[in-house]
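Shown below: start.cif, with mmCIF, C-alpha atoms.
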```cif
data_structure
loop_
_atom_site.label_atom_id
_atom_site.label_comp_id
_atom_site.auth_asym_id
_atom_site.auth_seq_id
_atom_site.Cartn_x
_atom_site.Cartn_y
_atom_site.Cartn_z
CA MET V 6 147.50 58.99 1.22
CA ASP V 7 150.08 56.55 2.62
CA GLU V 8 148.66 53.42 4.14
CA GLU V 9 148.89 53.28 7.94
CA MET V 10 151.31 50.53 8.98
CA LYS V 11 151.62 48.52 12.23
CA ASN V 12 154.55 46.54 13.59
CA VAL V 13 154.26 42.81 14.14
CA PRO V 14 157.34 41.21 15.71
CA ILE V 15 158.61 38.10 13.98
CA PRO V 16 161.69 36.06 14.93
CA ALA V 17 164.89 37.65 13.63
CA SER V 18 165.92 34.35 12.06
CA LEU V 19 162.70 34.22 10.06
CA TYR V 20 163.15 37.84 9.03
CA ARG V 21 166.67 37.03 7.72
CA ARG V 22 165.37 33.94 5.91
CA ILE V 23 162.72 36.01 4.11
CA GLU V 24 165.29 38.69 3.32
CA GLU V 25 167.49 36.05 1.74
CA LYS V 26 164.57 34.50 -0.14
CA ILE V 27 163.40 37.72 -1.80
CA LYS V 28 166.87 38.85 -2.89
CA GLY V 29 166.77 39.38 -6.65
CA SER V 30 162.99 38.91 -6.83
CA ASN V 31 160.45 41.60 -7.64
CA ILE V 32 159.28 41.69 -4.02
CA PRO V 33 160.75 44.94 -2.68
CA SER V 34 160.86 44.24 1.06
CA VAL V 35 160.26 41.74 3.86
CA SER V 36 157.21 43.77 4.80
CA SER V 37 155.74 43.38 1.26
CA CYS V 38 156.47 39.68 1.31
CA VAL V 39 154.84 39.08 4.70
CA THR V 40 151.83 41.23 3.69
CA LYS V 41 151.39 39.19 0.53
CA VAL V 42 151.59 35.86 2.30
CA LEU V 43 149.16 36.93 5.01
CA ARG V 44 146.66 38.29 2.49
CA GLU V 45 146.83 35.03 0.58
CA ALA V 46 146.24 33.03 3.75
CA LEU V 47 143.32 35.18 4.86
CA ALA V 48 141.62 34.93 1.47
CA LYS V 49 141.21 31.18 1.68
CA GLU V 50 137.57 31.11 2.58
CA GLU V 51 134.97 29.06 0.84
CA GLY V 52 131.38 28.47 1.54
CA GLU V 53 127.99 28.97 0.11
CA GLN V 54 125.46 31.67 0.51
CA VAL V 55 122.26 29.82 1.14
CA LEU V 56 119.18 30.85 -0.79
CA SER V 57 115.72 30.03 0.44
CA LYS V 58 114.14 27.05 -1.32
CA GLU V 59 111.46 29.35 -2.71
CA ASP V 60 114.01 31.82 -4.09
CA GLU V 61 116.02 29.06 -5.66
CA GLU V 62 112.95 27.52 -7.31
CA LYS V 63 111.91 30.91 -8.73
CA ILE V 64 115.37 31.40 -10.18
CA LYS V 65 115.35 27.92 -11.69
CA GLU V 66 111.99 28.64 -13.32
CA ARG V 67 113.33 31.86 -14.84
CA LEU V 68 116.48 30.12 -16.05
CA LYS V 69 114.32 27.46 -17.69
CA ALA V 70 112.08 30.07 -19.29
CA LEU V 71 115.14 31.83 -20.71
CA GLY V 72 116.54 28.58 -22.09
CA TYR V 73 119.53 28.37 -19.76
CA LEU V 74 118.27 25.19 -18.11
CA ASP V 75 116.34 22.28 -19.62
CA MET Q 19 130.87 27.72 -4.75
CA VAL Q 20 133.20 30.70 -4.50
CA LEU Q 21 131.96 33.29 -2.03
CA ALA Q 22 131.02 36.74 -3.27
CA HIS Q 23 133.72 39.37 -2.84
CA GLY Q 24 133.77 40.37 0.80
CA GLY Q 25 131.87 37.24 1.78
CA LYS Q 26 128.27 38.20 1.06
CA LEU Q 27 126.33 38.76 -2.13
CA VAL Q 28 124.60 42.12 -1.87
CA GLU Q 29 120.94 42.44 -2.74
CA ARG Q 30 119.25 45.81 -2.51
CA VAL Q 31 116.24 45.40 -4.77
CA LEU Q 32 112.95 46.64 -3.39
CA LYS Q 33 109.99 44.32 -3.74
CA GLY Q 34 106.31 44.21 -2.81
CA GLU Q 35 105.16 46.70 -0.21
CA GLU Q 36 108.59 48.34 0.14
CA LYS Q 37 108.67 49.01 -3.57
CA GLU Q 38 105.13 50.45 -3.52
CA LYS Q 39 106.06 52.77 -0.66
CA ALA Q 40 109.17 53.93 -2.47
CA LEU Q 41 107.18 54.61 -5.62
CA GLU Q 42 104.67 56.66 -3.65
CA LYS Q 43 107.30 58.90 -2.16
CA VAL Q 44 109.77 59.40 -5.02
CA ARG Q 45 107.97 62.34 -6.60
CA ALA Q 46 108.10 64.30 -3.35
CA LEU Q 47 111.82 63.73 -2.80
CA PRO Q 48 114.75 65.76 -4.07
CA SER Q 49 115.88 64.07 -7.23
CA LEU Q 50 118.76 63.50 -9.58
CA LYS Q 51 118.70 62.38 -13.18
CA LEU Q 52 121.29 59.73 -13.99
CA ASN Q 53 122.77 58.82 -17.33
CA PHE Q 54 122.78 55.26 -18.64
CA GLU Q 55 126.18 54.45 -17.15
CA LEU Q 56 125.22 55.57 -13.65
CA VAL Q 57 121.91 53.71 -13.87
CA SER Q 58 123.93 50.61 -14.76
CA ASP Q 59 126.13 51.19 -11.70
CA VAL Q 60 123.04 51.48 -9.50
CA GLU Q 61 121.67 48.21 -10.86
CA ASN Q 62 125.02 46.49 -10.48
CA ILE Q 63 125.25 47.58 -6.87
CA ALA Q 64 121.68 46.48 -6.14
CA THR Q 65 121.96 43.05 -7.74
CA GLY Q 66 125.32 42.19 -6.19
CA VAL Q 67 127.49 42.53 -9.29
CA TYR Q 68 129.58 45.03 -7.31
CA SER Q 69 129.43 43.16 -3.97
CA PRO Q 70 130.35 44.17 -1.29
CA LEU Q 71 129.33 47.70 -2.33
CA GLU Q 72 125.89 48.64 -1.09
CA GLY Q 73 125.94 52.15 -2.47
CA PHE Q 74 128.12 54.89 -3.87
CA MET Q 75 131.46 55.26 -2.10
CA GLY Q 76 132.07 57.69 0.71
CA GLU Q 77 135.25 59.74 0.94
CA ARG Q 78 137.18 57.31 3.14
CA GLU Q 79 136.64 54.37 0.78
CA TYR Q 80 137.15 56.57 -2.28
CA ARG Q 81 140.55 57.73 -0.97
CA SER Q 82 141.54 54.23 0.09
CA VAL Q 83 140.63 52.77 -3.32
CA LEU Q 84 142.51 55.53 -5.14
CA SER Q 85 145.68 55.22 -3.11
CA GLN Q 86 145.77 51.56 -2.01
CA MET Q 87 143.54 49.82 -4.57
CA ARG Q 88 141.80 48.39 -1.51
CA PHE Q 89 138.92 49.32 0.74
CA SER Q 90 139.81 50.56 4.19
CA ASN Q 91 139.24 46.98 5.47
CA ASP Q 92 142.01 45.78 3.11
CA LEU Q 93 139.65 44.11 0.65
CA PRO Q 94 140.86 44.55 -2.96
CA TRP Q 95 138.94 47.13 -5.02
CA THR Q 96 140.44 49.21 -7.79
CA ILE Q 97 137.81 51.41 -9.43
CA PRO Q 98 135.95 54.15 -7.52
CA ILE Q 99 132.21 53.78 -7.91
CA VAL Q 100 130.94 57.28 -7.37
CA LEU Q 101 127.93 59.47 -8.05
CA ASP Q 102 128.68 63.02 -9.14
CA ALA Q 103 126.40 66.03 -8.76
CA SER Q 104 126.75 69.74 -9.39
CA ARG Q 105 127.34 72.05 -6.41
CA GLU Q 106 123.81 73.42 -6.91
CA GLU Q 107 122.29 69.95 -6.90
CA ALA Q 108 124.32 68.94 -3.86
CA LYS Q 109 123.34 72.08 -1.94
CA LYS Q 110 119.66 71.20 -2.26
CA ILE Q 111 120.09 67.80 -0.62
CA LYS Q 112 120.66 67.24 3.06
CA ILE Q 113 122.67 64.47 4.66
CA GLU Q 114 120.48 61.58 5.86
CA GLN Q 115 117.83 62.58 3.36
CA ASP Q 116 116.55 60.17 0.70
CA VAL Q 117 117.17 61.18 -2.89
CA ALA Q 118 115.16 59.82 -5.80
CA LEU Q 119 117.31 58.70 -8.70
CA PHE Q 120 115.70 58.84 -12.13
CA ASN Q 121 116.89 57.56 -15.49
CA GLU Q 122 117.13 59.61 -18.67
CA SER Q 123 113.45 58.91 -19.46
CA SER Q 124 112.44 60.26 -16.03
CA LYS Q 125 111.52 56.84 -14.72
CA PRO Q 126 112.37 56.25 -11.03
CA VAL Q 127 115.30 53.90 -10.69
CA ALA Q 128 116.36 53.89 -7.06
CA LEU Q 129 116.53 55.64 -3.72
CA LEU Q 130 119.83 57.00 -2.49
CA HIS Q 131 120.10 57.28 1.28
CA LEU Q 132 122.51 60.20 1.36
CA GLU Q 133 125.25 59.76 3.94
CA GLU Q 134 127.94 62.10 2.68
CA LYS Q 135 128.86 64.74 0.11
CA TYR Q 136 132.45 65.60 -0.68
CA GLU Q 137 134.62 67.35 -3.19
CA TYR Q 138 137.43 65.59 -5.04
CA ASP Q 139 140.37 66.30 -7.29
CA LYS Q 140 139.66 65.25 -10.88
CA GLU Q 141 143.32 65.36 -11.87
CA GLU Q 142 144.20 63.00 -9.03
CA LEU Q 143 141.31 60.69 -9.90
CA ALA Q 144 142.41 60.51 -13.55
CA GLU Q 145 146.08 60.05 -12.70
CA LYS Q 146 145.50 57.30 -10.14
CA VAL Q 147 142.90 55.29 -12.06
CA PHE Q 148 144.08 55.78 -15.65
CA LYS Q 149 147.77 56.54 -15.00
CA THR Q 150 147.46 59.56 -17.26
CA ARG Q 151 145.91 63.02 -17.34
CA ASP Q 152 145.73 63.00 -21.13
CA ILE Q 153 142.30 64.23 -22.18
CA ALA Q 154 142.52 62.01 -25.28
CA HIS Q 155 142.09 58.99 -22.98
CA PRO Q 156 138.31 58.28 -22.94
CA GLY Q 157 138.31 57.61 -19.19
CA VAL Q 158 140.14 60.84 -18.43
CA ALA Q 159 137.81 62.81 -20.71
CA LYS Q 160 134.89 61.36 -18.78
CA VAL Q 161 136.40 62.29 -15.41
CA LYS Q 162 137.06 65.83 -16.62
CA ALA Q 163 133.40 66.13 -17.61
CA MET Q 164 132.18 64.96 -14.19
CA LYS Q 165 130.39 67.34 -11.84
CA ASP Q 166 132.19 68.76 -8.81
CA VAL Q 167 130.65 66.97 -5.82
CA LEU Q 168 130.40 63.28 -5.02
CA LEU Q 169 127.35 61.93 -3.21
CA ALA Q 170 127.65 58.80 -1.13
CA GLY Q 171 125.22 56.42 0.50
CA LYS Q 172 123.45 53.11 0.19
CA ILE Q 173 120.94 52.66 -2.61
CA ASP Q 174 117.76 50.64 -3.00
CA LEU Q 175 116.68 49.70 -6.49
CA ILE Q 176 113.06 50.38 -7.43
CA HIS Q 177 113.03 49.48 -11.12
CA GLU Q 178 115.51 47.62 -13.23
CA SER Q 179 115.88 49.29 -16.61
CA GLU Q 180 114.27 47.76 -19.65
CA THR Q 181 116.64 46.24 -22.10
CA PRO Q 182 116.17 44.57 -25.47
CA PHE Q 183 118.62 41.99 -24.12
CA PHE Q 184 116.36 40.94 -21.26
CA ARG Q 185 116.77 37.26 -21.99
CA TYR Q 186 120.54 37.53 -21.60
CA LYS Q 187 120.48 39.51 -18.37
CA LEU Q 188 121.26 37.42 -15.32
CA SER Q 189 122.08 38.57 -11.81
CA PRO Q 190 124.90 36.95 -9.81
CA LYS Q 191 122.25 35.22 -7.73
CA GLU Q 192 120.91 33.65 -10.91
CA THR Q 193 124.27 32.69 -12.43
CA ARG Q 194 125.22 31.02 -9.15
CA VAL Q 195 122.09 28.86 -9.27
CA LEU Q 196 122.75 28.18 -12.96
CA PHE Q 197 126.33 27.04 -12.36
CA LYS Q 198 125.21 24.87 -9.47
CA GLU Q 199 122.44 23.27 -11.53
CA LYS Q 200 124.91 22.55 -14.30
CA GLY Q 201 127.15 20.87 -11.77
CA TRP Q 202 130.07 23.21 -12.46
CA ARG Q 203 132.59 23.59 -9.65
CA THR Q 204 135.12 25.59 -11.65
CA ILE Q 205 133.94 28.31 -14.00
CA VAL Q 206 136.04 30.56 -16.18
CA GLY Q 207 134.74 34.02 -16.99
CA PHE Q 208 135.41 35.64 -20.34
CA GLN Q 209 135.01 39.38 -20.67
CA THR Q 210 134.35 40.68 -24.17
CA ARG Q 211 133.18 43.68 -26.15
CA ASN Q 212 133.61 42.10 -29.56
CA THR Q 213 132.30 39.42 -31.87
CA PRO Q 214 134.27 36.18 -31.58
CA HIS Q 215 137.04 35.21 -33.98
CA ILE Q 216 139.01 31.98 -33.97
CA GLY Q 217 141.59 33.45 -31.57
CA HIS Q 218 138.91 34.12 -28.95
CA GLU Q 219 137.57 30.61 -29.38
CA TYR Q 220 141.07 29.19 -28.96
CA VAL Q 221 141.59 31.08 -25.70
CA GLN Q 222 138.16 30.14 -24.37
CA LYS Q 223 138.51 26.48 -25.22
CA THR Q 224 142.02 26.29 -23.81
CA ALA Q 225 140.67 27.69 -20.52
CA LEU Q 226 137.66 25.38 -20.71
CA THR Q 227 140.01 22.40 -20.87
CA PHE Q 228 140.91 23.09 -17.25
CA THR Q 229 137.51 24.14 -15.94
CA ASP Q 230 133.98 22.74 -15.87
CA GLY Q 231 132.29 25.58 -17.73
CA ILE Q 232 132.78 28.91 -19.44
CA PHE Q 233 130.78 32.03 -18.72
CA VAL Q 234 130.96 34.39 -21.72
CA ASN Q 235 130.05 37.79 -20.40
CA PRO Q 236 129.92 40.58 -23.02
CA VAL Q 237 129.84 44.14 -21.77
CA ILE Q 238 126.75 45.85 -23.06
CA GLY Q 239 126.41 49.59 -23.09
CA ARG Q 240 127.24 52.78 -24.91
CA LYS Q 241 129.78 52.09 -27.62
CA LYS Q 242 131.93 54.16 -29.89
CA LYS Q 243 131.43 54.59 -33.63
CA GLY Q 244 132.59 51.58 -35.61
CA ASP Q 245 132.13 49.10 -32.74
CA PHE Q 246 129.94 46.06 -33.27
CA LYS Q 247 126.41 46.68 -32.03
CA ASP Q 248 125.43 44.83 -28.87
CA GLU Q 249 122.81 42.74 -30.63
CA VAL Q 250 125.43 41.63 -33.17
CA ILE Q 251 127.86 40.57 -30.45
CA LEU Q 252 125.17 38.53 -28.72
CA ALA Q 253 123.86 36.91 -31.90
CA SER Q 254 127.38 35.99 -32.99
CA TYR Q 255 128.16 34.36 -29.64
CA GLU Q 256 124.86 32.51 -29.70
CA GLU Q 257 125.80 31.11 -33.11
CA LEU Q 258 129.32 30.19 -32.01
CA ILE Q 259 128.08 28.40 -28.90
CA LYS Q 260 125.32 26.62 -30.83
CA ASN Q 261 127.73 25.25 -33.43
CA TYR Q 262 131.05 24.85 -31.67
CA TYR Q 263 130.54 24.42 -27.91
CA LEU Q 264 128.91 21.78 -25.78
CA LYS Q 265 125.66 23.26 -24.58
CA GLU Q 266 126.30 21.92 -21.09
CA ARG Q 267 129.71 23.62 -20.92
CA ALA Q 268 129.09 27.21 -22.06
CA VAL Q 269 126.69 30.00 -21.22
CA ALA Q 270 126.54 33.63 -22.27
CA ALA Q 271 124.92 36.48 -20.39
CA ILE Q 272 125.40 40.22 -20.55
CA LEU Q 273 127.06 42.62 -18.17
CA GLN Q 274 125.44 46.04 -18.46
CA MET Q 275 128.26 48.40 -17.55
CA GLU Q 276 130.42 51.05 -19.10
CA MET Q 277 133.98 50.27 -20.10
CA ARG Q 278 136.34 52.58 -18.23
CA TYR Q 279 139.46 51.66 -20.25
CA ALA Q 280 141.49 51.72 -17.04
CA GLY Q 281 143.71 48.81 -18.16
CA PRO Q 282 145.30 47.06 -15.15
CA ARG Q 283 142.98 48.51 -12.51
CA GLU Q 284 139.99 47.57 -14.60
CA ALA Q 285 141.28 44.02 -15.07
CA ILE Q 286 141.13 43.56 -11.29
CA PHE Q 287 137.67 45.12 -11.23
CA HIS Q 288 136.50 42.77 -13.99
CA ALA Q 289 137.88 39.82 -12.03
CA ILE Q 290 135.99 40.87 -8.89
CA ILE Q 291 132.75 41.18 -10.88
CA ARG Q 292 133.15 37.70 -12.36
CA LYS Q 293 133.90 36.32 -8.89
CA ASN Q 294 130.57 37.78 -7.80
CA PHE Q 295 128.86 35.98 -10.68
CA GLY Q 296 130.35 32.77 -9.27
CA CYS Q 297 133.41 32.36 -11.49
CA THR Q 298 136.52 30.72 -10.05
CA HIS Q 299 138.77 31.78 -12.94
CA ILE Q 300 138.98 34.67 -15.38
CA ILE Q 301 140.75 34.98 -18.70
CA ILE Q 302 143.06 37.98 -18.91
CA GLY Q 303 144.58 38.60 -22.31
CA ARG Q 304 146.96 41.12 -23.77
CA ASP Q 305 146.10 44.74 -22.97
CA HIS Q 306 142.92 43.79 -21.12
CA ALA Q 307 140.60 46.83 -20.82
CA GLY Q 308 143.25 48.99 -22.42
CA VAL Q 309 142.93 51.70 -25.02
CA GLY Q 310 145.55 53.20 -27.36
CA ASN Q 311 149.06 52.80 -25.99
CA TYR Q 312 148.41 53.96 -22.45
CA TYR Q 313 149.37 50.69 -20.76
CA PRO Q 314 152.19 48.21 -21.36
CA PRO Q 315 150.73 45.15 -23.14
CA TYR Q 316 150.88 42.88 -20.09
CA ALA Q 317 150.35 45.39 -17.29
CA ALA Q 318 146.83 44.04 -16.80
CA GLN Q 319 148.36 40.63 -16.04
CA ASP Q 320 151.27 41.85 -13.91
CA ILE Q 321 148.97 43.74 -11.53
CA PHE Q 322 147.48 40.45 -10.27
CA GLU Q 323 150.80 39.90 -8.41
CA GLU Q 324 149.64 42.57 -5.97
CA PHE Q 325 146.39 40.75 -5.22
CA PRO Q 326 147.06 37.27 -3.87
CA ASP Q 327 143.82 37.62 -1.93
CA LEU Q 328 141.48 38.29 -4.85
CA GLY Q 329 139.68 34.97 -4.57
CA ILE Q 330 139.54 34.32 -8.31
CA VAL Q 331 142.32 32.79 -10.39
CA PRO Q 332 143.47 34.72 -13.44
CA LEU Q 333 144.39 32.70 -16.54
CA PHE Q 334 146.87 34.72 -18.55
CA PHE Q 335 147.08 34.52 -22.31
CA ARG Q 336 149.79 36.19 -24.31
CA SER Q 337 149.76 36.68 -28.06
CA PHE Q 338 148.29 33.99 -30.26
CA TYR Q 339 147.83 33.62 -34.00
CA TYR Q 340 146.92 31.18 -36.72
CA CYS Q 341 149.75 29.06 -38.11
CA ARG Q 342 149.40 27.76 -41.66
CA LYS Q 343 151.85 24.91 -40.98
CA CYS Q 344 150.21 23.82 -37.71
CA ASN Q 345 146.82 24.45 -39.27
CA SER Q 346 145.50 25.78 -35.99
CA ALA Q 347 145.56 28.65 -33.55
CA VAL Q 348 148.89 28.69 -31.72
CA ASN Q 349 151.05 30.81 -29.46
CA GLU Q 350 154.77 31.41 -29.06
CA LYS Q 351 155.05 28.44 -26.70
CA THR Q 352 153.27 25.94 -28.92
CA CYS Q 353 154.39 26.75 -32.46
CA PRO Q 354 157.94 26.28 -33.83
CA HIS Q 355 157.27 27.91 -37.22
CA PRO Q 356 158.54 31.27 -38.46
CA PRO Q 357 156.36 34.42 -38.49
CA ALA Q 358 155.87 34.07 -42.26
CA GLU Q 359 153.56 31.14 -41.49
CA HIS Q 360 151.48 33.12 -39.03
CA ILE Q 361 148.28 35.05 -39.58
CA GLU Q 362 147.37 37.54 -36.90
CA PHE Q 363 143.84 37.65 -35.53
CA SER Q 364 143.48 41.29 -36.40
CA GLY Q 365 140.10 42.64 -35.35
CA THR Q 366 140.62 45.59 -37.69
CA LYS Q 367 141.26 43.36 -40.72
CA ILE Q 368 138.30 41.13 -39.94
CA ARG Q 369 136.12 44.19 -39.55
CA GLU Q 370 137.32 45.60 -42.90
CA MET Q 371 136.30 42.38 -44.65
CA LEU Q 372 132.92 42.39 -42.96
CA VAL Q 373 132.34 46.05 -43.88
CA GLN Q 374 132.88 45.03 -47.51
CA GLY Q 375 130.33 42.24 -47.07
CA LYS Q 376 133.02 39.56 -47.34
CA ILE Q 377 133.20 36.41 -45.21
CA PRO Q 378 136.66 36.31 -43.56
CA PRO Q 379 138.70 33.13 -44.17
CA PRO Q 380 137.80 30.26 -41.82
CA GLU Q 381 141.24 30.49 -40.17
CA LEU Q 382 140.13 33.85 -38.78
CA MET Q 383 136.41 33.53 -38.19
CA ARG Q 384 133.83 30.77 -38.22
CA PRO Q 385 131.72 31.18 -41.40
CA GLU Q 386 128.52 30.73 -39.35
CA VAL Q 387 129.55 33.64 -37.12
CA ALA Q 388 130.47 35.82 -40.10
CA ARG Q 389 127.15 35.06 -41.77
CA VAL Q 390 125.23 36.05 -38.64
CA ILE Q 391 127.14 39.34 -38.50
CA LEU Q 392 126.44 40.00 -42.17
CA SER Q 393 122.75 39.20 -41.71
CA PHE Q 394 122.46 42.55 -39.89
CA GLU Q 395 121.89 45.45 -42.23
CA HIS Q 396 124.02 47.73 -40.05
CA PRO Q 397 126.23 45.62 -37.74
CA PHE Q 398 128.35 48.56 -36.60
CA VAL Q 399 127.58 51.54 -34.40
CA GLU Q 400 127.12 54.59 -36.62
#
```

Just dump the structure as C-alpha cells.
Amino acid sequence: MDEEMKNVPIPASLYRRIEEKIKGSNIPSVSSCVTKVLREALAKEEGEQVLSKEDEEKIKERLKALGYLD
Amino acid sequence: MVLAHGGKLVERVLKGEEKEKALEKVRALPSLKLNFELVSDVENIATGVYSPLEGFMGEREYRSVLSQMRFSNDLPWTIPIVLDASREEAKKIKIEQDVALFNESSKPVALLHLEEKYEYDKEELAEKVFKTRDIAHPGVAKVKAMKDVLLAGKIDLIHESETPFFRYKLSPKETRVLFKEKGWRTIVGFQTRNTPHIGHEYVQKTALTFTDGIFVNPVIGRKKKGDFKDEVILASYEELIKNYYLKERAVAAILQMEMRYAGPREAIFHAIIRKNFGCTHIIIGRDHAGVGNYYPPYAAQDIFEEFPDLGIVPLFFRSFYYCRKCNSAVNEKTCPHPPAEHIEFSGTKIREMLVQGKIPPPELMRPEVARVILSFEHPFVE
C-alpha cells in the first residue's frame, strides 16, 4: 500500500535551497526532507496528564508499599 | 513530563460496578482462549503501555502499520498488535458483539468489543515486520502458526493476571507518579532480557550521566531454553542496584510482553513503550531486539532517522569492551589500546562460567551479581 500524498506549494527558491542542501546526504528527496522537518516540528508537544488527587495518593501508597518510595 | 504516545495515556481497566457487571455476563458471551503472550498484549493495551491503542488493530491501521510504520493519522507505530482466531471461531462471533477473553487457566481476562474481522497475508506480515520469510526466524515461525482471521476492537480489562513478580509490576500511570516523586525530569529507559554484566552497567551509567534517573525494564515472559529465568534476572538487577547505584537514581520494574525479535521495527516499538512509561530517553545498543544474523548490527539505530517525531530520544551505543590497560569498560572512541588488551563482554562466555558454577572475573561481572545468580539451583530455563 503506497501512502497517499498531497501537494503543498512552497516557494521555488526554498525548494532549490533544500535540493542543494540534501545533495549527497541520505535524504532521498525534497519531499522526504520537508516531511521529516514537519514531523519533527509537530512532535514538539509537552504537557502533563493530570491525575486526580485521590488516584495519585493511591499510587503513591502502592509505590511506598512496594519499596519504590520512602 | 513527556506525554504518552499520541497525547493521552490509555486506561481501559474495569473497576467496581462495571467490573462486577462484566464478570456476570462473561460466561454467557462467545469466548476465546488466549495464550500468555496475547493476555500480556491485552493487559498492556488496558494499562496504557501500548498507548494510544485501545484495542486490537483493525484492517486500516494494520495495513498502515505494515506499509508505513505509522498509524493512518501519521503517528509512528511499527508492530501490528493483532488478535488471531480460527475461521470457525470467527464465524461464531458477530460484529458489534462482546467477546469474553479468557486466559489459559480459563479465568476471564477482558471483554473485546468486536468491531471488525479480516483476513491477512501471513507471508506479507512476516516479510514486512521481520524482513524475512525464513521459518527459522522465531517471529516468522510464530506468524506462520497464527490462525487465519484477525479480530479487531477495543478491549476492557477485567482481571490482571497473577504474577510471581507482582512487586515489580508497575503501570505507566504508576511509573509516571514515581518519576515525578523522585524529581526526575529526564529518564532513560533500558530494555533487557539478561542478567547484567559490566558492559551493561557501563552503558547504563554513561546514559545516567546525562539524565536524572534510569528505568531498568526487563522483559518478562516465555523464554527459550538456556535463557536466564525471569526471577534470576530480577534478583541480579536488584543486587546490582543495591550495591552499585544510587537508590534515588535507579528503579527496576518489569515489562510483561513477548519478544518479537523484529530488530529495527521492534526498537521503535520498545522506544514508544518506554515513552509511555514516562521515559525521555532510551538506550539502543548493537542489534537491539535482533536474533541470529537477520539484521545488520546497527539497523535498529539507523531506523530512528525515519522517526524524528517519536517523542523520545534514543541514545545509541556501539560496541564496548573491557580494556586491561585502561582498567575499565571502554569503546572504540575512548580507548587507544590494541585489541589484544580488550576482553569482550560475551554473554555466552559468562554463561558458560556460571553453568560450571564459577564466578566470572570482576572485569566481566560484579561478584555480588554472579553470587546471586549462582544462589539459584537452576538459573537457566530448561

Original post:
So what does the PyMOL selection byres ((chain V) within 10 of (chain Q)) actually pick up in this one, as a ChimeraX atom specification?
Top reply: /V:6-8,31-32,37,40-54,56,60-65,67-74

Subject >> Residue nearest Leu56 (chain Q) - candidates Q:Asp116, Q:Glu77, Q:Glu29, Q:Glu122, atoms counted: only C-alpha atoms >> reply: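 Of the candidates, the smallest distance to Leu56 (chain Q) is held by Q:Glu122.
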
Original post:
Evaluating the PyMOL selection byres ((chain Q and resi 289) around 12) on the displayed file yields which residues, as a count of residues only?
Top reply: 47

**OP:** Apply the PyMOL selection byres ((chain Q and resi 126-137) around 8) to the displayed file and report the matching residues as a PyMOL selection string.
**Re:** chain Q and resi 40-41+44+57+60+73+76-77+108+112-121+124-125+138-139+166-179

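Excluding Thr181 (chain Q) itself and same-chain residues fewer than 6 positions from it, the residues having an atom within 12 Å of it are Q:Phe54, Q:Ser58, Q:Lys187, Q:Ile238, Q:Gly239, Q:Asp248, Q:Glu249, Q:Ile272, Q:Leu273, Q:Gln274, counting all atoms listed in the file.
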
Original post:
Quick one: of V:Asp75, V:Lys11, V:Cys38, V:Glu66, who's nearest to Glu25 (chain V), counting all atoms listed in the file?
Top reply: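 Smallest separation from Glu25 (chain V) among the options: V:Cys38.
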
Original post:
Between CA of Gly231 (chain Q) and CA of Phe334 (chain Q), what is the spacing in Å?
Top reply: 17.2 Å

Subject >> Computed interatomic separation between CA of Gly308 (chain Q) and CA of Gln222 (chain Q) (Å) >> reply: 19.6 Å

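Our summary of the geometry notes that CA of Ser337 (chain Q) is positioned 27.6 Å from CA of Met87 (chain Q).
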
N, CA and C atoms for region 132-143 of chain Q, written as a CSV table (one decimal), in the coordinates of the input, could you do that?
```csv
chain,number,residue,atom,x,y,z
Q,132,LEU,N,121.3,59.4,1.4
Q,132,LEU,CA,122.5,60.2,1.4
Q,132,LEU,C,123.2,60.2,2.7
Q,133,GLU,N,124.5,59.8,2.7
Q,133,GLU,CA,125.2,59.8,3.9
Q,133,GLU,C,126.4,60.8,3.9
Q,134,GLU,N,126.8,61.3,2.8
Q,134,GLU,CA,127.9,62.1,2.7
Q,134,GLU,C,128.0,62.8,1.4
Q,135,LYS,N,128.5,64.1,1.4
Q,135,LYS,CA,128.9,64.7,0.1
Q,135,LYS,C,130.3,65.3,0.3
Q,136,TYR,N,131.1,65.1,-0.8
Q,136,TYR,CA,132.4,65.6,-0.7
Q,136,TYR,C,133.0,66.0,-2.0
Q,137,GLU,N,134.0,66.9,-2.0
Q,137,GLU,CA,134.6,67.4,-3.2
Q,137,GLU,C,135.8,66.5,-3.5
Q,138,TYR,N,136.3,66.5,-4.7
Q,138,TYR,CA,137.4,65.6,-5.0
Q,138,TYR,C,138.3,66.3,-6.1
Q,139,ASP,N,139.4,65.7,-6.3
Q,139,ASP,CA,140.4,66.3,-7.3
Q,139,ASP,C,140.3,65.4,-8.6
Q,140,LYS,N,139.8,66.0,-9.6
Q,140,LYS,CA,139.7,65.2,-10.9
Q,140,LYS,C,141.0,64.8,-11.5
Q,141,GLU,N,142.0,65.7,-11.3
Q,141,GLU,CA,143.3,65.4,-11.9
Q,141,GLU,C,143.9,64.1,-11.2
Q,142,GLU,N,143.7,64.1,-9.8
Q,142,GLU,CA,144.2,63.0,-9.0
Q,142,GLU,C,143.5,61.7,-9.4
Q,143,LEU,N,142.1,61.8,-9.5
Q,143,LEU,CA,141.3,60.7,-9.9
Q,143,LEU,C,141.8,60.1,-11.2
```
